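S.K.: PDB, C-alpha atoms, file my_file.pdb:
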ATOM      1  CA  ASP A 186     -42.287 -15.892  12.957
ATOM      2  CA  GLY A 187     -44.979 -16.350  15.614
ATOM      3  CA  GLY A 188     -48.588 -15.521  15.070
ATOM      4  CA  ILE A 189     -52.139 -16.617  14.532
ATOM      5  CA  THR A 190     -53.274 -17.655  11.078
ATOM      6  CA  GLN A 191     -56.756 -17.941   9.673
ATOM      7  CA  SER A 192     -57.524 -19.545   6.368
ATOM      8  CA  PRO A 193     -58.887 -18.996   3.884
ATOM      9  CA  LYS A 194     -59.263 -15.204   3.723
ATOM     10  CA  TYR A 195     -62.394 -15.458   1.569
ATOM     11  CA  LEU A 196     -64.790 -18.387   1.443
ATOM     12  CA  PHE A 197     -67.910 -18.953  -0.593
ATOM     13  CA  ARG A 198     -70.412 -21.707   0.077
ATOM     14  CA  LYS A 199     -73.835 -22.716  -1.052
ATOM     15  CA  GLU A 200     -76.705 -22.515   1.377
ATOM     16  CA  GLY A 201     -77.206 -25.727   3.315
ATOM     17  CA  GLN A 202     -73.552 -26.775   3.298
ATOM     18  CA  ASN A 203     -71.387 -27.028   6.374
ATOM     19  CA  VAL A 204     -68.075 -25.185   6.192
ATOM     20  CA  THR A 205     -65.019 -25.270   8.454
ATOM     21  CA  LEU A 206     -62.829 -22.245   9.120
ATOM     22  CA  SER A 207     -59.244 -22.841  10.161
ATOM     23  CA  CYS A 208     -57.396 -21.102  12.990
ATOM     24  CA  GLU A 209     -53.818 -22.007  13.909
ATOM     25  CA  GLN A 210     -51.474 -20.327  16.382
ATOM     26  CA  ASN A 211     -47.821 -20.951  17.217
ATOM     27  CA  LEU A 212     -47.749 -18.620  20.214
ATOM     28  CA  ASN A 213     -48.180 -21.442  22.738
ATOM     29  CA  HIS A 214     -51.362 -19.773  24.003
ATOM     30  CA  ASP A 215     -53.833 -21.714  26.085
ATOM     31  CA  ALA A 216     -56.947 -19.648  25.364
ATOM     32  CA  MET A 217     -58.510 -19.334  21.912
ATOM     33  CA  TYR A 218     -61.630 -17.520  20.762
ATOM     34  CA  TRP A 219     -63.958 -17.263  17.773
ATOM     35  CA  TYR A 220     -65.905 -14.103  16.970
ATOM     36  CA  ARG A 221     -68.410 -13.088  14.364
ATOM     37  CA  GLN A 222     -68.584  -9.530  13.039
ATOM     38  CA  ASP A 223     -71.383  -8.167  10.854
ATOM     39  CA  PRO A 224     -71.010  -4.930   8.854
ATOM     40  CA  GLY A 225     -70.785  -1.880  11.093
ATOM     41  CA  GLN A 226     -71.109  -3.969  14.244
ATOM     42  CA  GLY A 227     -68.832  -5.034  17.078
ATOM     43  CA  LEU A 228     -67.430  -8.504  17.723
ATOM     44  CA  ARG A 229     -69.730 -11.174  19.107
ATOM     45  CA  LEU A 230     -68.260 -14.203  20.852
ATOM     46  CA  ILE A 231     -69.190 -17.580  19.367
ATOM     47  CA  TYR A 232     -67.034 -20.074  21.292
ATOM     48  CA  TYR A 233     -63.920 -19.993  23.403
ATOM     49  CA  SER A 234     -61.510 -22.574  24.721
ATOM     50  CA  GLN A 235     -59.294 -22.314  27.764
ATOM     51  CA  ILE A 236     -57.432 -25.577  27.306
ATOM     52  CA  VAL A 237     -57.149 -28.567  24.979
ATOM     53  CA  ASN A 238     -60.273 -30.744  24.793
ATOM     54  CA  ASP A 239     -62.406 -28.108  26.510
ATOM     55  CA  PHE A 240     -64.510 -25.269  25.134
ATOM     56  CA  GLN A 241     -67.466 -23.135  26.169
ATOM     57  CA  LYS A 242     -70.297 -21.457  24.310
ATOM     58  CA  GLY A 243     -70.210 -17.722  23.883
ATOM     59  CA  ASP A 244     -73.114 -15.405  23.225
ATOM     60  CA  ILE A 245     -74.090 -16.709  19.777
ATOM     61  CA  ALA A 246     -73.088 -20.401  19.645
ATOM     62  CA  GLU A 247     -76.240 -21.696  17.934
ATOM     63  CA  GLY A 248     -75.484 -23.106  14.492
ATOM     64  CA  TYR A 249     -71.735 -23.351  15.145
ATOM     65  CA  SER A 250     -69.446 -26.077  16.458
ATOM     66  CA  VAL A 251     -65.773 -26.194  17.446
ATOM     67  CA  SER A 252     -63.097 -28.640  18.508
ATOM     68  CA  ARG A 253     -59.827 -28.243  20.401
ATOM     69  CA  GLU A 254     -57.854 -31.426  19.864
ATOM     70  CA  LYS A 255     -54.506 -29.611  19.766
ATOM     71  CA  LYS A 256     -53.282 -26.543  21.578
ATOM     72  CA  GLU A 257     -52.361 -24.888  18.288
ATOM     73  CA  SER A 258     -55.658 -25.403  16.483
ATOM     74  CA  PHE A 259     -59.247 -24.275  17.075
ATOM     75  CA  PRO A 260     -61.360 -24.882  13.937
ATOM     76  CA  LEU A 261     -64.879 -23.477  13.657
ATOM     77  CA  THR A 262     -67.618 -25.249  11.704
ATOM     78  CA  VAL A 263     -70.503 -23.184  10.452
ATOM     79  CA  THR A 264     -73.350 -25.638  10.110
ATOM     80  CA  SER A 265     -76.436 -25.515   7.936
ATOM     81  CA  ALA A 266     -78.397 -24.730  11.108
ATOM     82  CA  GLN A 267     -76.880 -21.241  11.218
ATOM     83  CA  LYS A 268     -79.631 -19.116   9.706
ATOM     84  CA  ASN A 269     -77.503 -16.197   8.546
ATOM     85  CA  PRO A 270     -73.899 -17.375   8.205
ATOM     86  CA  THR A 271     -72.567 -14.644   5.902
ATOM     87  CA  ALA A 272     -70.187 -12.604   8.064
ATOM     88  CA  PHE A 273     -66.574 -11.793   8.915
ATOM     89  CA  TYR A 274     -65.121 -14.378  11.319
ATOM     90  CA  LEU A 275     -62.194 -13.613  13.616
ATOM     91  CA  CYS A 276     -60.086 -15.979  15.669
ATOM     92  CA  ALA A 277     -57.975 -14.874  18.630
ATOM     93  CA  SER A 278     -55.613 -16.395  21.140
ATOM     94  CA  ARG A 279     -54.196 -15.295  24.442
ATOM     95  CA  ASP A 280     -51.761 -16.468  27.091
ATOM     96  CA  ALA A 281     -54.266 -16.775  29.891
ATOM     97  CA  THR A 282     -51.716 -17.240  32.674
ATOM     98  CA  VAL A 283     -50.556 -13.614  32.741
ATOM     99  CA  ASN A 284     -52.109 -10.230  32.034
ATOM    100  CA  THR A 285     -51.516 -10.146  28.304
ATOM    101  CA  GLU A 286     -53.410  -8.987  25.270
ATOM    102  CA  ALA A 287     -55.274 -11.140  22.771
ATOM    103  CA  PHE A 288     -53.792 -11.642  19.325
ATOM    104  CA  PHE A 289     -56.128 -11.807  16.365
ATOM    105  CA  GLY A 290     -55.916 -13.446  12.983
ATOM    106  CA  GLN A 291     -56.676 -11.549   9.794
ATOM    107  CA  GLY A 292     -60.161 -12.991   9.580
ATOM    108  CA  THR A 293     -62.176 -15.084   7.144
ATOM    109  CA  ARG A 294     -64.971 -13.473   5.190
ATOM    110  CA  LEU A 295     -67.626 -16.106   4.599
ATOM    111  CA  THR A 296     -70.287 -15.589   1.969
ATOM    112  CA  VAL A 297     -73.137 -18.053   1.653
ATOM    113  CA  VAL A 298     -75.147 -17.907  -1.531
TER     114      VAL A 298
ATOM    115  CA  LEU B 168     -68.614  -9.511  33.629
ATOM    116  CA  ALA B 169     -68.489  -5.744  33.816
ATOM    117  CA  LYS B 170     -70.500  -4.064  31.064
ATOM    118  CA  THR B 171     -68.892  -1.190  29.213
ATOM    119  CA  THR B 172     -70.478   1.839  27.557
ATOM    120  CA  GLN B 173     -68.714   3.927  24.912
ATOM    121  CA  PRO B 174     -69.833   6.620  22.463
ATOM    122  CA  ILE B 175     -70.860   5.101  19.162
ATOM    123  CA  SER B 176     -68.830   7.521  17.080
ATOM    124  CA  MET B 177     -66.516  10.537  17.252
ATOM    125  CA  ASP B 178     -65.065  12.930  14.715
ATOM    126  CA  SER B 179     -61.747  14.720  14.942
ATOM    127  CA  TYR B 180     -59.221  16.548  12.776
ATOM    128  CA  GLU B 181     -55.613  15.747  12.073
ATOM    129  CA  GLY B 182     -53.234  16.976  14.756
ATOM    130  CA  GLN B 183     -55.852  17.122  17.503
ATOM    131  CA  GLU B 184     -55.856  15.116  20.708
ATOM    132  CA  VAL B 185     -58.727  12.645  20.940
ATOM    133  CA  ASN B 186     -60.168  11.371  24.203
ATOM    134  CA  ILE B 187     -62.543   8.410  24.198
ATOM    135  CA  THR B 188     -64.266   7.637  27.475
ATOM    136  CA  CYS B 189     -65.556   4.245  28.541
ATOM    137  CA  SER B 190     -67.946   3.719  31.454
ATOM    138  CA  HIS B 191     -67.719   0.510  33.499
ATOM    139  CA  ASN B 192     -69.686   1.072  36.668
ATOM    140  CA  ASN B 193     -69.627  -2.591  37.753
ATOM    141  CA  ILE B 194     -65.888  -3.125  37.436
ATOM    142  CA  ALA B 195     -64.588  -5.759  39.851
ATOM    143  CA  THR B 196     -61.522  -5.516  42.058
ATOM    144  CA  ASN B 197     -59.471  -7.895  39.887
ATOM    145  CA  ASP B 198     -60.526  -6.397  36.550
ATOM    146  CA  TYR B 199     -58.107  -4.682  34.190
ATOM    147  CA  ILE B 200     -59.102  -2.207  31.484
ATOM    148  CA  THR B 201     -57.864  -2.935  27.973
ATOM    149  CA  TRP B 202     -58.290  -1.014  24.729
ATOM    150  CA  TYR B 203     -58.100  -2.420  21.212
ATOM    151  CA  GLN B 204     -58.049  -0.776  17.787
ATOM    152  CA  GLN B 205     -59.628  -2.278  14.683
ATOM    153  CA  PHE B 206     -59.220  -1.230  11.058
ATOM    154  CA  PRO B 207     -61.760  -2.371   8.440
ATOM    155  CA  SER B 208     -61.470  -6.031   7.449
ATOM    156  CA  GLN B 209     -58.736  -6.684  10.008
ATOM    157  CA  GLY B 210     -58.604  -8.219  13.442
ATOM    158  CA  PRO B 211     -58.384  -5.893  16.451
ATOM    159  CA  ARG B 212     -54.985  -5.128  17.891
ATOM    160  CA  PHE B 213     -54.009  -4.275  21.446
ATOM    161  CA  ILE B 214     -53.339  -0.613  22.254
ATOM    162  CA  ILE B 215     -52.992  -0.266  26.002
ATOM    163  CA  GLN B 216     -53.958  -1.802  29.322
ATOM    164  CA  GLY B 217     -54.190  -0.431  32.831
ATOM    165  CA  TYR B 218     -55.491  -1.049  36.330
ATOM    166  CA  LYS B 219     -55.459   2.405  37.949
ATOM    167  CA  THR B 220     -54.086   5.938  37.594
ATOM    168  CA  LYS B 221     -52.293   6.575  34.304
ATOM    169  CA  VAL B 222     -50.548   4.364  31.795
ATOM    170  CA  THR B 223     -48.659   5.674  28.775
ATOM    171  CA  ASN B 224     -46.995   3.934  25.865
ATOM    172  CA  GLU B 225     -45.733   5.010  22.462
ATOM    173  CA  VAL B 226     -49.237   4.996  21.008
ATOM    174  CA  ALA B 227     -51.648   6.272  23.666
ATOM    175  CA  SER B 228     -52.349   7.126  27.283
ATOM    176  CA  LEU B 229     -54.957   5.595  29.513
ATOM    177  CA  PHE B 230     -56.409   7.589  32.399
ATOM    178  CA  ILE B 231     -58.259   5.746  35.152
ATOM    179  CA  PRO B 232     -59.790   7.679  38.082
ATOM    180  CA  ALA B 233     -59.577   6.414  41.642
ATOM    181  CA  ASP B 234     -63.050   4.858  41.612
ATOM    182  CA  ARG B 235     -62.209   2.998  38.359
ATOM    183  CA  LYS B 236     -65.794   3.326  37.127
ATOM    184  CA  SER B 237     -64.625   4.869  33.896
ATOM    185  CA  SER B 238     -61.480   5.203  31.814
ATOM    186  CA  THR B 239     -60.297   7.517  29.055
ATOM    187  CA  LEU B 240     -58.158   6.551  26.103
ATOM    188  CA  SER B 241     -56.155   9.527  24.887
ATOM    189  CA  LEU B 242     -54.654   9.604  21.397
ATOM    190  CA  PRO B 243     -52.236  12.533  20.966
ATOM    191  CA  ARG B 244     -52.088  14.399  17.651
ATOM    192  CA  VAL B 245     -54.176  11.981  15.609
ATOM    193  CA  SER B 246     -53.573  11.410  11.915
ATOM    194  CA  LEU B 247     -55.817  10.070   9.155
ATOM    195  CA  SER B 248     -54.441   6.594   9.826
ATOM    196  CA  ASP B 249     -55.970   6.627  13.310
ATOM    197  CA  THR B 250     -59.419   6.340  11.747
ATOM    198  CA  ALA B 251     -60.642   3.072  13.216
ATOM    199  CA  VAL B 252     -62.963   1.484  15.756
ATOM    200  CA  TYR B 253     -61.748   1.517  19.362
ATOM    201  CA  TYR B 254     -62.986  -1.056  21.867
ATOM    202  CA  CYS B 255     -62.857  -0.873  25.655
ATOM    203  CA  LEU B 256     -62.808  -4.215  27.510
ATOM    204  CA  VAL B 257     -62.937  -4.938  31.203
ATOM    205  CA  GLY B 258     -61.940  -8.293  32.659
ATOM    206  CA  ASP B 259     -59.512 -10.104  34.901
ATOM    207  CA  ASN B 260     -57.294 -11.618  32.222
ATOM    208  CA  ASN B 261     -57.452 -15.171  33.452
ATOM    209  CA  ALA B 262     -58.503 -18.193  31.486
ATOM    210  CA  GLY B 263     -62.093 -17.858  32.652
ATOM    211  CA  ASN B 264     -62.491 -14.447  31.063
ATOM    212  CA  MET B 265     -64.784 -14.651  28.058
ATOM    213  CA  LEU B 266     -63.106 -11.624  26.433
ATOM    214  CA  THR B 267     -66.308  -9.887  25.438
ATOM    215  CA  PHE B 268     -66.243  -6.924  23.069
ATOM    216  CA  GLY B 269     -68.911  -4.248  22.955
ATOM    217  CA  GLY B 270     -69.842  -2.120  19.971
ATOM    218  CA  GLY B 271     -66.784   0.127  20.162
ATOM    219  CA  THR B 272     -66.307   3.770  19.202
ATOM    220  CA  ARG B 273     -65.932   4.594  15.528
ATOM    221  CA  LEU B 274     -63.348   7.402  15.253
ATOM    222  CA  MET B 275     -63.224   9.385  12.044
ATOM    223  CA  VAL B 276     -60.190  11.647  11.593
ATOM    224  CA  LYS B 277     -60.647  14.326   8.964
ATOM    225  CA  PRO B 278     -57.961  16.323   7.117
TER     226      PRO B 278
END
Would you mind giving the structure from this file in structure tokens?

M.R.:
Amino acid sequence: DGGITQSPKYLFRKEGQNVTLSCEQNLNHDAMYWYRQDPGQGLRLIYYSQIVNDFQKGDIAEGYSVSREKKESFPLTVTSAQKNPTAFYLCASRDATVNTEAFFGQGTRLTVV
Amino acid sequence: LAKTTQPISMDSYEGQEVNITCSHNNIATNDYITWYQQFPSQGPRFIIQGYKTKVTNEVASLFIPADRKSSTLSLPRVSLSDTAVYYCLVGDNNAGNMLTFGGGTRLMVKP
């Protein structure tokens, strides 16, 4: 059963702690993306990766870090430098070699208290 | 990247046809137009994609005029379950495309 999986669905952390959100896909997609969504707002791009061991900053990369050591995995770390980390985080992947759609995970809702 | 402009929100009633227009004046020759649907607390899902003229699938139709500076997503006979946010994206679908979403159009379908 192919797809893209984010875990956990809900995550609570204390202010000042780093936290890592997981994103795994078994679709053999080259491109992967991380978005942040605040209530009532659209999706804002944090980071994206076109290939293993390579990634680029999106529009709101400050306070976040990523890695792409495997094609299947693109974890996002929300660092203590992110001033307002409470949000809904979405991961997506896409086969970038043909004109195909992006597939999204179910999201992780992060709450920092 | 071509910027897109959509209405912030729209209301409709069950059984009506809904047309959501997206403006993309700076669309490039290689750009495709893609629409996604998002329900609350879920990731967006693909609805339809087109390059020019008209595309139709089991869910929607996409109308693109000859100048390609706008596009219209048409949802026939909407139901309450079509209440969602609809996003219009423009890009060339290669690995260099940042896949940037705008604010979307919030569609409310009423009984």

S.K.: Wanna dump the chain A-chain B contacts at 7 Å for me, each residue with its shortest atom pair and the distance in Å to one decimal, counting only C-alpha atoms, ordered by chain and number, as a Markdown table?

M.R.:
| residue | atom | partner | partner_atom | distance |
| --- | --- | --- | --- | --- |
| A:Ala216 | CA | B:Ala262 | CA | 6.5 |
| A:Gln226 | CA | B:Gly270 | CA | 6.2 |
| A:Gly227 | CA | B:Gly270 | CA | 4.2 |
| A:Leu228 | CA | B:Phe268 | CA | 5.7 |
| A:Arg229 | CA | B:Phe268 | CA | 6.8 |
| A:Leu230 | CA | B:Thr267 | CA | 6.6 |
| A:Gln235 | CA | B:Ala262 | CA | 5.6 |
| A:Leu275 | CA | B:Gly210 | CA | 6.5 |
| A:Ala281 | CA | B:Ala262 | CA | 4.7 |
| A:Thr282 | CA | B:Asn261 | CA | 6.1 |
| A:Asn284 | CA | B:Asn260 | CA | 5.4 |
| A:Glu286 | CA | B:Phe213 | CA | 6.1 |
| A:Phe288 | CA | B:Arg212 | CA | 6.8 |
| A:Phe289 | CA | B:Gly210 | CA | 5.2 |
| A:Gly290 | CA | B:Gly210 | CA | 5.9 |
| A:Gln291 | CA | B:Gln209 | CA | 5.3 |
| A:Gly292 | CA | B:Gly210 | CA | 6.3 |

S.K.: What does the distance between atom CA of Cys208 of chain A and atom CA of Arg221 of chain A come to in Å, to one decimal place?

M.R.: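 For atom CA of Cys208 of chain A relative to atom CA of Arg221 of chain A, the distance reads 13.7 Å.
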
S.K.: With all atoms listed in the file as the basis for distance, which of A:Asn211, A:Asn203, A:Asn238, A:Thr293 is at the shortest distance from Thr262 of chain A?

M.R.: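 Answer, going by the shortest atom-to-atom distance: A:Asn203.
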
S.K.: How many Å separate atom CA of Ala251 of chain B from atom CA of Thr223 of chain B?

M.R.: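 That distance, rounded to one decimal, is 19.8 Å.
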
S.K.: For the PyMOL selection byres ((chain B and resi 173-178) around 8), applied here, can you spell out every residue it catches as a list in words?

M.R.: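 Here the PyMOL selection byres ((chain B and resi 173-178) around 8) matches Thr171, Thr172, Ser179, Tyr180, Ile187, Thr188, Cys189, Ser190, Cys255, Gly270, Gly271, Thr272, Arg273, Leu274, Met275, Val276 and Lys277 of chain B.
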
S.K.: Would you mind listing what lies within 12 Å of Arg244 of chain B as a VMD selection string, with all atoms listed in the file counted and same-chain residues fewer than 4 positions away left out?

M.R.: chain B and resid 179 to 186 226 to 227 248 to 249 276

S.K.: Expressed in Å to a single decimal, how great is the separation between atom CA of Lys199 of chain A and atom CA of Gly248 of chain A?

M.R.: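 Atom CA of Lys199 of chain A sits 15.6 Å away from atom CA of Gly248 of chain A.
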
S.K.: Contacts of Asn192 of chain B at 8 Å or less, counting all atoms listed in the file, minus same-chain residues fewer than 2 places along, as a list in words?

M.R.: Ala169, Lys170, Thr171, Ser190, Ile194, Arg235, Lys236 and Ser237 of chain B

S.K.: Identify all residues satisfying the PyMOL selection byres ((chain A and resi 254-261) around 9) in the given file; provide them as a VMD selection string.

M.R.: chain A and resid 204 to 219 232 to 234 236 to 239 249 to 253 262 to 263 276

S.K.: Put those residues in a file: C-alpha atoms, as an mmCIF file, keeping the file's coordinate frame.

M.R.:
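The resulting file, again-v6.cif, is shown below:
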data_model
loop_
_atom_site.group_PDB
_atom_site.id
_atom_site.type_symbol
_atom_site.label_atom_id
_atom_site.label_comp_id
_atom_site.auth_asym_id
_atom_site.auth_seq_id
_atom_site.Cartn_x
_atom_site.Cartn_y
_atom_site.Cartn_z
ATOM 1 C CA VAL A 204 -68.075 -25.185 6.192
ATOM 2 C CA THR A 205 -65.019 -25.270 8.454
ATOM 3 C CA LEU A 206 -62.829 -22.245 9.120
ATOM 4 C CA SER A 207 -59.244 -22.841 10.161
ATOM 5 C CA CYS A 208 -57.396 -21.102 12.990
ATOM 6 C CA GLU A 209 -53.818 -22.007 13.909
ATOM 7 C CA GLN A 210 -51.474 -20.327 16.382
ATOM 8 C CA ASN A 211 -47.821 -20.951 17.217
ATOM 9 C CA LEU A 212 -47.749 -18.620 20.214
ATOM 10 C CA ASN A 213 -48.180 -21.442 22.738
ATOM 11 C CA HIS A 214 -51.362 -19.773 24.003
ATOM 12 C CA ASP A 215 -53.833 -21.714 26.085
ATOM 13 C CA ALA A 216 -56.947 -19.648 25.364
ATOM 14 C CA MET A 217 -58.510 -19.334 21.912
ATOM 15 C CA TYR A 218 -61.630 -17.520 20.762
ATOM 16 C CA TRP A 219 -63.958 -17.263 17.773
ATOM 17 C CA TYR A 232 -67.034 -20.074 21.292
ATOM 18 C CA TYR A 233 -63.920 -19.993 23.403
ATOM 19 C CA SER A 234 -61.510 -22.574 24.721
ATOM 20 C CA ILE A 236 -57.432 -25.577 27.306
ATOM 21 C CA VAL A 237 -57.149 -28.567 24.979
ATOM 22 C CA ASN A 238 -60.273 -30.744 24.793
ATOM 23 C CA ASP A 239 -62.406 -28.108 26.510
ATOM 24 C CA TYR A 249 -71.735 -23.351 15.145
ATOM 25 C CA SER A 250 -69.446 -26.077 16.458
ATOM 26 C CA VAL A 251 -65.773 -26.194 17.446
ATOM 27 C CA SER A 252 -63.097 -28.640 18.508
ATOM 28 C CA ARG A 253 -59.827 -28.243 20.401
ATOM 29 C CA THR A 262 -67.618 -25.249 11.704
ATOM 30 C CA VAL A 263 -70.503 -23.184 10.452
ATOM 31 C CA CYS A 276 -60.086 -15.979 15.669
#
